[in-house]
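Next up, final-v4.tsv (TSV, C-alpha atoms):
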```
chain	number	residue	atom	x	y	z
A	1	MET	CA	39.00	89.82	10.78
A	2	GLY	CA	36.12	88.58	8.73
A	3	ILE	CA	32.44	87.80	8.66
A	4	MET	CA	32.63	85.84	11.93
A	5	GLN	CA	33.76	88.99	13.75
A	6	THR	CA	30.86	91.12	12.52
A	7	ASP	CA	29.14	93.04	15.33
A	8	ARG	CA	25.55	93.10	14.11
A	9	THR	CA	24.66	95.64	16.80
A	10	LEU	CA	27.33	98.19	15.80
A	11	PRO	CA	25.76	101.55	14.91
A	12	ALA	CA	28.16	101.99	11.99
A	13	ASN	CA	26.68	98.89	10.37
A	14	ARG	CA	23.21	100.41	10.53
A	15	LEU	CA	24.43	103.70	9.10
A	16	ILE	CA	26.23	102.10	6.14
A	17	PHE	CA	23.33	99.73	5.47
A	18	GLU	CA	20.86	102.59	5.22
A	19	VAL	CA	23.08	105.03	3.32
A	20	ARG	CA	23.38	102.56	0.45
A	21	ARG	CA	19.60	102.34	0.19
A	22	ASP	CA	18.68	106.00	0.45
A	23	ALA	CA	19.79	108.79	-1.88
A	24	ALA	CA	18.92	111.50	0.65
A	25	LEU	CA	21.14	109.84	3.23
A	26	ARG	CA	23.96	109.67	0.70
A	27	THR	CA	23.66	113.41	0.17
A	28	ARG	CA	23.90	113.84	3.91
A	29	PHE	CA	26.84	111.41	4.04
A	30	ARG	CA	28.62	113.76	1.66
A	31	ASP	CA	27.51	117.08	3.14
A	32	ASP	CA	27.04	116.40	6.84
A	33	LEU	CA	28.84	113.22	7.80
A	34	GLU	CA	29.43	114.45	11.36
A	35	GLY	CA	25.75	115.06	12.01
A	36	LEU	CA	24.78	111.79	10.36
A	37	MET	CA	27.20	109.82	12.52
A	38	ARG	CA	25.91	111.51	15.67
A	39	ASP	CA	22.31	110.78	14.72
A	40	TYR	CA	23.10	107.09	14.25
A	41	GLY	CA	24.87	106.94	17.61
A	42	LEU	CA	28.33	106.02	16.41
A	43	SER	CA	30.93	105.94	19.16
A	44	ALA	CA	33.82	108.37	19.02
A	45	VAL	CA	36.07	105.56	17.82
A	46	GLU	CA	33.63	104.62	15.07
A	47	GLN	CA	33.26	108.25	14.04
A	48	LYS	CA	37.01	108.77	13.79
A	49	ALA	CA	37.47	105.57	11.79
A	50	LEU	CA	34.70	106.40	9.31
A	51	ARG	CA	35.78	110.04	9.00
A	52	GLU	CA	39.32	108.90	8.16
A	53	VAL	CA	38.16	105.97	5.99
A	54	ASP	CA	40.16	103.80	8.38
A	55	LEU	CA	38.83	100.54	7.00
A	56	GLN	CA	41.12	98.42	9.13
A	57	THR	CA	39.77	99.91	12.35
A	58	LEU	CA	36.19	99.70	11.07
A	59	SER	CA	36.85	96.02	10.41
A	60	GLU	CA	38.27	95.51	13.89
A	61	LEU	CA	35.24	97.25	15.41
A	62	GLY	CA	32.93	94.77	13.71
A	63	VAL	CA	31.79	96.48	10.52
A	64	HIS	CA	30.77	93.73	8.13
A	65	PRO	CA	33.51	93.00	5.57
A	66	TYR	CA	31.08	93.50	2.72
A	67	PHE	CA	30.64	97.12	3.74
A	68	LEU	CA	34.35	97.95	3.69
A	69	PRO	CA	34.87	98.24	-0.09
A	70	GLN	CA	31.45	99.91	-0.21
A	71	VAL	CA	32.71	102.58	2.16
A	72	SER	CA	35.61	103.14	-0.22
A	73	ARG	CA	33.05	103.53	-3.02
A	74	LEU	CA	30.92	105.95	-0.98
A	75	PHE	CA	33.97	108.19	-0.75
A	76	LYS	CA	35.51	107.61	-4.18
A	77	GLY	CA	32.63	106.63	-6.47
A	78	ALA	CA	31.24	103.25	-7.46
A	79	GLY	CA	31.47	103.29	-11.26
A	80	TYR	CA	34.09	101.34	-13.22
A	81	ASN	CA	35.40	99.75	-10.04
A	82	HIS	CA	38.37	97.92	-11.57
A	83	ASN	CA	41.51	97.13	-9.58
A	84	ASP	CA	43.17	100.44	-10.46
A	85	SER	CA	40.09	102.56	-9.76
A	86	ALA	CA	40.28	105.19	-7.05
A	87	ALA	CA	37.89	103.22	-4.81
A	88	ALA	CA	39.76	99.92	-5.18
A	89	GLN	CA	43.09	101.62	-4.65
A	90	LEU	CA	41.78	103.34	-1.52
A	91	TYR	CA	40.73	99.92	-0.24
A	92	ALA	CA	44.19	98.52	-1.00
A	93	GLU	CA	45.89	101.42	0.74
A	94	LYS	CA	43.77	101.15	3.87
A	95	MET	CA	43.33	97.38	4.19
A	96	LEU	CA	46.35	95.78	2.58
A	97	LYS	CA	49.19	98.22	3.27
A	98	GLY	CA	52.53	96.53	3.57
A	99	LYS	CA	51.31	93.46	1.69
B	1	MET	CA	1.79	69.54	-11.70
B	2	ALA	CA	4.77	71.77	-12.54
B	3	THR	CA	7.92	70.42	-14.16
B	4	ILE	CA	11.45	71.45	-13.25
B	5	VAL	CA	13.13	71.74	-16.63
B	6	SER	CA	16.51	73.25	-15.74
B	7	ILE	CA	18.82	73.62	-12.75
B	8	ASN	CA	21.97	75.68	-12.97
B	9	ALA	CA	24.30	77.80	-10.85
B	10	MET	CA	26.70	80.55	-11.77
B	11	ALA	CA	28.80	83.46	-10.57
B	12	HIS	CA	27.30	86.95	-10.52
B	13	ALA	CA	30.27	89.17	-9.72
B	14	PRO	CA	29.82	92.76	-10.94
B	15	GLY	CA	33.09	92.95	-12.82
B	16	ALA	CA	31.49	90.85	-15.56
B	17	THR	CA	29.39	93.84	-16.53
B	18	GLY	CA	31.12	96.67	-14.68
B	19	TRP	CA	34.71	96.44	-15.91
B	20	LEU	CA	34.99	93.38	-18.14
B	21	ASP	CA	37.27	95.30	-20.51
B	22	LYS	CA	39.95	95.24	-17.80
B	23	ALA	CA	40.21	91.45	-18.08
B	24	PRO	CA	42.47	89.93	-20.74
B	25	LYS	CA	40.72	89.02	-23.94
B	26	HIS	CA	40.92	85.28	-23.39
B	27	GLU	CA	39.11	85.74	-20.05
B	28	GLN	CA	36.47	87.95	-21.62
B	29	ASP	CA	35.89	85.48	-24.43
B	30	ALA	CA	35.61	82.47	-22.13
B	31	LEU	CA	33.26	84.25	-19.76
B	32	LEU	CA	30.97	85.60	-22.47
B	33	ALA	CA	30.91	82.24	-24.26
B	34	GLY	CA	30.15	80.45	-21.00
B	35	TYR	CA	27.26	82.68	-20.03
B	36	ALA	CA	25.96	82.60	-23.62
B	37	ARG	CA	25.98	78.81	-23.63
B	38	MET	CA	24.18	78.68	-20.32
B	39	GLY	CA	21.61	81.15	-21.58
B	40	GLU	CA	21.01	79.14	-24.75
B	41	ARG	CA	20.54	75.96	-22.77
B	42	LEU	CA	18.24	77.65	-20.28
B	43	ARG	CA	16.05	79.21	-22.95
B	44	ALA	CA	15.97	75.92	-24.91
B	45	THR	CA	14.10	74.35	-21.98
B	46	ARG	CA	11.33	76.96	-22.49
B	47	PRO	CA	10.85	77.83	-18.82
B	48	ASP	CA	7.74	79.75	-17.83
B	49	VAL	CA	9.40	81.01	-14.68
B	50	ILE	CA	12.80	81.02	-13.02
B	51	VAL	CA	13.11	80.37	-9.29
B	52	GLY	CA	16.38	82.02	-8.30
B	53	ILE	CA	18.43	81.56	-5.13
B	54	ALA	CA	21.17	84.06	-4.33
B	55	ASN	CA	22.92	85.84	-1.52
B	56	ASP	CA	21.37	89.05	-0.29
B	57	HIS	CA	24.38	91.36	-0.14
B	58	LEU	CA	23.16	93.14	2.98
B	59	LEU	CA	20.93	95.16	0.70
B	60	ASN	CA	17.44	94.21	1.88
B	61	PHE	CA	17.74	92.98	5.43
B	62	PRO	CA	19.19	95.10	8.25
B	63	MET	CA	21.39	93.25	10.68
B	64	ASP	CA	18.74	93.18	13.38
B	65	SER	CA	16.59	90.85	11.31
B	66	ILE	CA	18.13	88.67	8.63
B	67	PRO	CA	16.15	85.67	7.40
B	68	ASP	CA	17.94	82.58	6.16
B	69	TRP	CA	15.74	82.74	3.05
B	70	CYS	CA	13.22	85.29	1.84
B	71	VAL	CA	10.94	84.61	-1.12
B	72	GLY	CA	10.05	87.52	-3.40
B	73	THR	CA	6.28	87.48	-3.84
B	74	ALA	CA	5.75	90.59	-5.99
B	75	ASP	CA	4.14	90.62	-9.43
B	76	ASN	CA	6.86	92.85	-10.84
B	77	TRP	CA	10.53	93.53	-10.16
B	78	LYS	CA	13.05	96.06	-11.32
B	79	GLY	CA	16.75	96.56	-11.01
B	80	PRO	CA	19.46	97.41	-10.30
B	81	ALA	CA	18.97	99.32	-7.04
B	82	GLU	CA	19.89	102.94	-7.55
B	83	TRP	CA	23.29	103.15	-5.84
B	84	PHE	CA	24.45	99.98	-7.57
B	85	ARG	CA	23.66	101.08	-11.12
B	86	ASP	CA	27.00	102.71	-11.86
B	87	TRP	CA	28.84	99.85	-10.24
B	88	ILE	CA	27.08	97.03	-12.10
B	89	ASN	CA	26.76	99.00	-15.34
B	90	VAL	CA	23.71	97.29	-16.80
B	91	PRO	CA	20.66	99.14	-18.16
B	92	GLU	CA	17.70	99.49	-15.85
B	93	TYR	CA	15.31	96.61	-16.40
B	94	LYS	CA	11.98	95.22	-15.33
B	95	VAL	CA	11.14	91.57	-14.97
B	96	ALA	CA	7.85	89.97	-14.04
B	97	GLY	CA	7.44	88.00	-10.84
B	98	HIS	CA	5.18	85.01	-10.25
B	99	ARG	CA	3.16	85.68	-7.14
B	100	GLU	CA	1.21	82.42	-7.09
B	101	LEU	CA	4.27	80.20	-7.37
B	102	ALA	CA	6.10	82.34	-4.80
B	103	ARG	CA	3.23	82.06	-2.33
B	104	SER	CA	3.01	78.35	-2.98
B	105	ILE	CA	6.72	77.99	-2.16
B	106	VAL	CA	6.26	79.84	1.13
B	107	ARG	CA	3.23	77.75	2.09
B	108	GLY	CA	4.60	74.44	0.87
B	109	CYS	CA	8.01	74.79	2.48
B	110	GLY	CA	6.29	75.88	5.68
B	111	THR	CA	4.23	72.72	5.89
B	112	ARG	CA	7.42	70.74	5.31
B	113	GLY	CA	9.24	72.41	8.17
B	114	VAL	CA	11.22	75.13	6.36
B	115	ASN	CA	10.33	78.59	7.59
B	116	LEU	CA	10.70	81.14	4.79
B	117	ALA	CA	10.30	84.89	5.03
B	118	PHE	CA	8.61	86.60	2.10
B	119	SER	CA	8.45	90.11	0.72
B	120	ASP	CA	7.01	92.17	-2.13
B	121	LYS	CA	9.84	94.65	-1.72
B	122	LEU	CA	13.25	93.33	-2.64
B	123	GLU	CA	15.95	95.39	-4.24
B	124	PHE	CA	18.28	93.73	-6.73
B	125	ASP	CA	22.00	94.27	-7.13
B	126	ASP	CA	24.51	92.09	-8.94
B	127	ASN	CA	22.85	88.95	-7.56
B	128	TRP	CA	20.19	89.00	-10.32
B	129	SER	CA	21.26	91.88	-12.54
B	130	VAL	CA	24.43	90.23	-13.82
B	131	PRO	CA	23.09	86.71	-14.53
B	132	LEU	CA	19.88	87.99	-16.12
B	133	ASN	CA	21.86	90.39	-18.29
B	134	PHE	CA	23.68	87.43	-19.84
B	135	LEU	CA	21.14	84.58	-19.67
B	136	THR	CA	17.87	86.34	-20.41
B	137	PRO	CA	18.86	89.76	-21.77
B	138	ASP	CA	15.28	90.49	-22.80
B	139	HIS	CA	14.15	89.88	-19.21
B	140	ASP	CA	11.21	88.01	-20.63
B	141	ILE	CA	11.07	85.08	-18.20
B	142	PRO	CA	9.33	85.78	-14.86
B	143	LEU	CA	11.50	85.47	-11.78
B	144	VAL	CA	10.76	84.32	-8.25
B	145	PRO	CA	13.81	85.64	-6.39
B	146	ILE	CA	14.79	83.89	-3.18
B	147	HIS	CA	17.30	85.99	-1.29
B	148	MET	CA	19.38	84.15	1.28
B	149	ASN	CA	21.82	84.94	4.02
B	150	CYS	CA	25.24	83.65	3.03
B	151	VAL	CA	27.45	86.21	4.72
B	152	VAL	CA	26.17	87.25	8.15
B	153	PRO	CA	26.80	84.41	10.61
B	154	PRO	CA	25.09	82.31	11.62
B	155	VAL	CA	24.34	81.26	8.05
B	156	PRO	CA	22.44	78.11	7.07
B	157	SER	CA	24.71	75.06	7.15
B	158	PRO	CA	25.54	73.22	3.91
B	159	GLY	CA	23.31	70.40	5.10
B	160	ARG	CA	20.36	72.73	5.59
B	161	CYS	CA	20.95	74.26	2.17
B	162	ILE	CA	20.87	70.87	0.47
B	163	GLU	CA	17.79	69.91	2.44
B	164	PHE	CA	16.09	73.19	1.53
B	165	GLY	CA	16.86	72.46	-2.12
B	166	ARG	CA	15.22	69.06	-1.82
B	167	VAL	CA	12.12	70.54	-0.22
B	168	LEU	CA	12.01	73.41	-2.70
B	169	ALA	CA	12.07	71.00	-5.64
B	170	ALA	CA	9.27	68.92	-4.15
B	171	VAL	CA	7.16	72.01	-3.48
B	172	ILE	CA	7.69	73.32	-7.01
B	173	GLN	CA	6.74	69.96	-8.48
B	174	ALA	CA	3.53	70.03	-6.45
B	175	PHE	CA	2.51	73.44	-7.85
B	176	PRO	CA	-0.82	73.01	-9.66
B	177	GLY	CA	-0.87	73.46	-13.41
B	178	ASP	CA	1.69	72.67	-16.05
B	179	ALA	CA	4.30	75.37	-15.48
B	180	ARG	CA	7.84	74.72	-16.67
B	181	VAL	CA	10.20	75.93	-13.94
B	182	ALA	CA	13.93	76.62	-14.00
B	183	ILE	CA	16.01	76.80	-10.83
B	184	MET	CA	18.96	79.19	-10.97
B	185	ALA	CA	21.44	79.72	-8.15
B	186	THR	CA	23.90	82.59	-8.33
B	187	GLY	CA	27.00	83.61	-6.38
B	188	GLY	CA	30.63	82.59	-5.88
B	189	LEU	CA	33.03	81.25	-6.74
B	190	SER	CA	36.05	82.35	-4.69
B	191	HIS	CA	36.11	86.06	-3.93
B	192	ASP	CA	36.69	88.14	-0.86
B	193	PRO	CA	35.02	91.55	-0.74
B	194	GLY	CA	36.17	93.23	2.45
B	195	GLY	CA	38.92	90.75	3.22
B	196	GLN	CA	42.63	90.27	2.82
B	197	LYS	CA	42.12	88.33	-0.44
B	198	TYR	CA	40.18	91.12	-2.14
B	199	PHE	CA	42.52	91.08	-5.13
B	200	ASP	CA	42.99	87.30	-5.21
B	201	VAL	CA	41.19	84.31	-6.66
B	202	ASP	CA	41.58	80.81	-5.20
B	203	GLU	CA	41.67	78.69	-8.32
B	204	VAL	CA	42.62	75.53	-6.41
B	205	PHE	CA	39.55	75.81	-4.21
B	206	ASP	CA	37.27	76.67	-7.13
B	207	ARG	CA	38.34	73.68	-9.21
B	208	TRP	CA	38.01	71.42	-6.15
B	209	PHE	CA	34.49	72.74	-5.53
B	210	LEU	CA	33.47	72.29	-9.17
B	211	ASP	CA	34.81	68.73	-9.09
B	212	MET	CA	32.93	68.11	-5.87
B	213	LEU	CA	29.62	69.11	-7.44
B	214	ALA	CA	30.46	67.14	-10.57
B	215	SER	CA	30.85	64.02	-8.43
B	216	GLY	CA	27.18	64.06	-7.50
B	217	ASP	CA	28.24	62.60	-4.17
B	218	THR	CA	26.04	64.37	-1.63
B	219	GLY	CA	27.61	62.57	1.32
B	220	ARG	CA	31.06	63.73	0.31
B	221	VAL	CA	29.83	67.27	-0.24
B	222	LEU	CA	28.27	67.27	3.21
B	223	ARG	CA	31.50	66.02	4.77
B	224	GLU	CA	33.96	68.19	2.91
B	225	VAL	CA	32.27	71.39	1.71
B	226	THR	CA	32.18	73.10	5.07
B	227	ILE	CA	31.59	76.75	5.75
B	228	GLU	CA	35.12	76.93	7.14
B	229	LYS	CA	36.50	75.53	3.89
B	230	MET	CA	34.57	78.11	1.89
B	231	MET	CA	35.65	80.94	4.17
B	232	GLY	CA	39.26	79.88	3.67
B	233	ALA	CA	38.90	80.69	-0.02
B	234	GLY	CA	37.62	84.21	0.63
B	235	ASP	CA	35.75	84.94	3.78
B	236	GLY	CA	33.54	87.73	2.48
B	237	GLY	CA	32.14	86.15	-0.65
B	238	THR	CA	32.92	82.52	-1.30
B	239	VAL	CA	30.24	81.37	1.15
B	240	GLU	CA	27.73	82.52	-1.46
B	241	LEU	CA	28.28	79.02	-2.84
B	242	LEU	CA	25.73	77.91	-0.26
B	243	ALA	CA	23.18	78.96	-2.89
B	244	TRP	CA	24.71	76.42	-5.28
B	245	LEU	CA	24.15	73.73	-2.63
B	246	VAL	CA	20.44	74.59	-2.65
B	247	ALA	CA	20.48	73.95	-6.41
B	248	MET	CA	22.38	70.72	-5.83
B	249	GLY	CA	19.76	69.60	-3.31
B	250	ALA	CA	17.03	70.28	-5.84
B	251	ALA	CA	18.89	68.31	-8.49
B	252	GLN	CA	19.33	65.38	-6.12
B	253	THR	CA	15.57	65.21	-5.72
B	254	LEU	CA	15.08	64.87	-9.46
B	255	VAL	CA	18.09	62.80	-10.44
B	256	PRO	CA	19.73	61.28	-7.33
B	257	GLY	CA	23.48	60.91	-7.64
B	258	ARG	CA	23.79	62.95	-10.81
B	259	GLY	CA	26.73	65.30	-10.89
B	260	SER	CA	26.83	68.74	-12.39
B	261	GLU	CA	28.46	69.68	-15.66
B	262	THR	CA	30.87	72.59	-15.54
B	263	MET	CA	29.92	75.01	-18.27
B	264	PHE	CA	32.80	77.44	-17.81
B	265	TYR	CA	35.41	78.54	-15.33
B	266	VAL	CA	37.54	81.68	-15.50
B	267	PRO	CA	39.72	82.53	-12.49
B	268	SER	CA	39.78	86.27	-13.08
B	269	VAL	CA	41.92	88.49	-10.89
B	270	PRO	CA	40.84	91.63	-12.81
B	271	LEU	CA	37.22	90.76	-12.01
B	272	ARG	CA	38.23	89.82	-8.42
B	273	CYS	CA	36.30	86.54	-8.63
B	274	GLY	CA	36.41	82.97	-9.76
B	275	MET	CA	33.80	83.17	-12.52
B	276	GLY	CA	32.05	79.98	-13.50
B	277	GLY	CA	28.84	78.11	-13.97
B	278	VAL	CA	27.42	74.60	-13.80
B	279	GLU	CA	24.30	72.78	-14.88
B	280	TRP	CA	22.57	69.64	-13.78
B	281	SER	CA	20.93	67.68	-16.56
B	282	VAL	CA	17.44	66.99	-15.28
B	283	ALA	CA	15.75	65.93	-18.51
```
With the file now loaded, output its structure as structure tokens.
Amino acid sequence: MGIMQTDRTLPANRLIFEVRRDAALRTRFRDDLEGLMRDYGLSAVEQKALREVDLQTLSELGVHPYFLPQVSRLFKGAGYNHNDSAAAQLYAEKMLKGK
Amino acid sequence: MATIVSINAMAHAPGATGWLDKAPKHEQDALLAGYARMGERLRATRPDVIVGIANDHLLNFPMDSIPDWCVGTADNWKGPAEWFRDWINVPEYKVAGHRELARSIVRGCGTRGVNLAFSDKLEFDDNWSVPLNFLTPDHDIPLVPIHMNCVVPPVPSPGRCIEFGRVLAAVIQAFPGDARVAIMATGGLSHDPGGQKYFDVDEVFDRWFLDMLASGDTGRVLREVTIEKMMGAGDGGTVELLAWLVAMGAAQTLVPGRGSETMFYVPSVPLRCGMGGVEWSVA
């Protein structure tokens, strides 16, 4: 997967794009992810993948690669994002398992 | 008419400010010395304004409408965007814009066949926050930010980027008055946010790319520095080097055939990026 496989029309891409830009949406991402995903029209497969932080499936569905580590930061925090940080390790676990 | 007094390009990866202490000391020292040297050289040219070109990291343009290039036309800018503050770990800052030069770039490129979007509302992340933190820490040189699409295909081809750089230089030189203008591209080198090489750096590619720019051979760059080659060194981020090709195109307008000088290169796995910078001597 990679940037060439990005599905620009995928609702999950719109949701992630806007959540990063809007503090109120980030509160909702934390407190009401299910409602937020429904409002943005994510498919059941997208919803399951985002709910489970299944970055590999999000990638296969066409979420832009740039958003994948950002999803890990939305769940685990963005500060001090070194290779051993919780967000980076979540990314490694979900995207690079077995490597 | 305006004078282009400096052209450079450098990495902007957030680890340089966000978690630099996680890199070994020799990497930290080389990176800080490299940025410091580039900052000294930039400021020594006494620029009145910096025209910057950098990837928009899917921060300003939703996927239904992504311009190849968008010129920031506001009088004032601030950064970093809220959600990115913890990540980038630089103090909030303000920097002046230069509306008249920005508008002139939009108009001038338009009459020369390059369609540019423009906006008074651009949010900044690491693309400007990291380089400015090192090169102009007082944020006292106005900035015309040009955000570009390097990562959502279709992206501008290397040939279009070099051609845009040529046109941009000509348009800047035609700007009335006696402004001293620096051109600063940011992004790269090899890195792969969101890909399988997230924790890797492709030093072989990076050194090849730096040598390619140092050659000053535009024909060879056009033949060999393909988007596919860049994607091979880190699909999600390395293509930001398209911004460097804009700078190269500008340099070729001023000093045809002149290669760049590599100011520093640090292949840093802890920072998840090949960190480096180059300058073109345009004096």
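Residue-level contact on chain A: within 6 Å of chain B, counting only C-alpha atoms, the set is A:Arg8, A:Pro65, A:Tyr66, A:Leu68, A:Pro69, A:Ala78, A:Gly79, A:Tyr80, A:His82.
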One-decimal distance in Å that lies between CA of Gln70 (chain A) and CA of Gln47 (chain A): 16.6 Å
Let me make sure I understand: among A:Lys48, A:Glu60, A:Ala87, A:Gly41, which one has the smallest atom-to-atom distance to Phe75 (chain A) if we use only C-alpha atoms?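 Of A:Lys48, A:Glu60, A:Ala87, A:Gly41, the one nearest Phe75 (chain A), counting only C-alpha atoms, is A:Ala87.
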Using all atoms listed in the file, which protein or nucleic acid residues come within 6 Å of region 169-183 of chain B? Drop anything in the same chain fewer than 3 positions from it, and give the result as a ChimeraX atom specification. /B:1-7,47-52,108,166,250
Interatomic distance between CA of Arg112 (chain B) and CA of Ile53 (chain B)? 18.6 Å
Rounded to one decimal place, report the CA of Asn55 (chain B)-CA of Met148 (chain B) distance in Å.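 Atom-to-atom, CA of Asn55 (chain B) and CA of Met148 (chain B) are spaced 4.8 Å apart.
Using only C-alpha atoms for every distance, the candidate list B:Gly216, B:Pro80, B:Gly274, B:Pro267 yields B:Gly216 as the residue closest to Val255 (chain B).
Neighbours of Ser215 (chain B) closer than or equal to 10 Å, with only C-alpha atoms counted and sequence neighbours fewer than 5 positions away skipped, come out as Phe209, Leu210, Arg220, Val221, Gly257, Arg258, Gly259, Ser260 and Glu261 of chain B.
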Within 10 Å of file point (46.8, 96.5, 1.2), counting all atoms listed in the file, expressed as number ranges by chain: A: 56, 89-99; B: 195-199
Residues at most 8 Å from Leu42 (chain A), counting all atoms listed in the file, excluding those fewer than 6 positions away in the same chain, as a ChimeraX atom specification? /A:10-12
For each of A:Ala88, A:Ile3, A:Met37, A:Leu61, take the minimum atom-to-atom distance to Ile16 (chain A), counting all atoms listed in the file, then give the residue where this is smallest.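 The shortest atom-to-atom distance to Ile16 (chain A) comes from A:Met37.
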Could you work out an axis-aligned box for region 77-88 of chain B, taking every atom the file lists and adding 8 Å on each side, and report centre and edge lengths in Å to one decimal, as lines of an AutoDock Vina configuration file?
```
center_x = 19.7
center_y = 98.3
center_z = -9.0
size_x = 34.3
size_y = 25.6
size_z = 22.3
```
Identify, on the basis of all atoms listed in the file, every residue whose closest approach to Thr6 (chain A) does not exceed 6 Å; exclude the query and any residue fewer than 4 positions from it along the same chain; express the result as a PDB file with C-alpha atoms, in the coordinates of the input.
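Contents of part-v1.pdb, as written:
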```pdb
ATOM      1  CA  GLY A  62      32.930  94.770  13.710  1.00  0.00           C
ATOM      2  CA  VAL A  63      31.790  96.480  10.520  1.00  0.00           C
ATOM      3  CA  HIS A  64      30.770  93.730   8.130  1.00  0.00           C
TER       4      HIS A  64
END
```
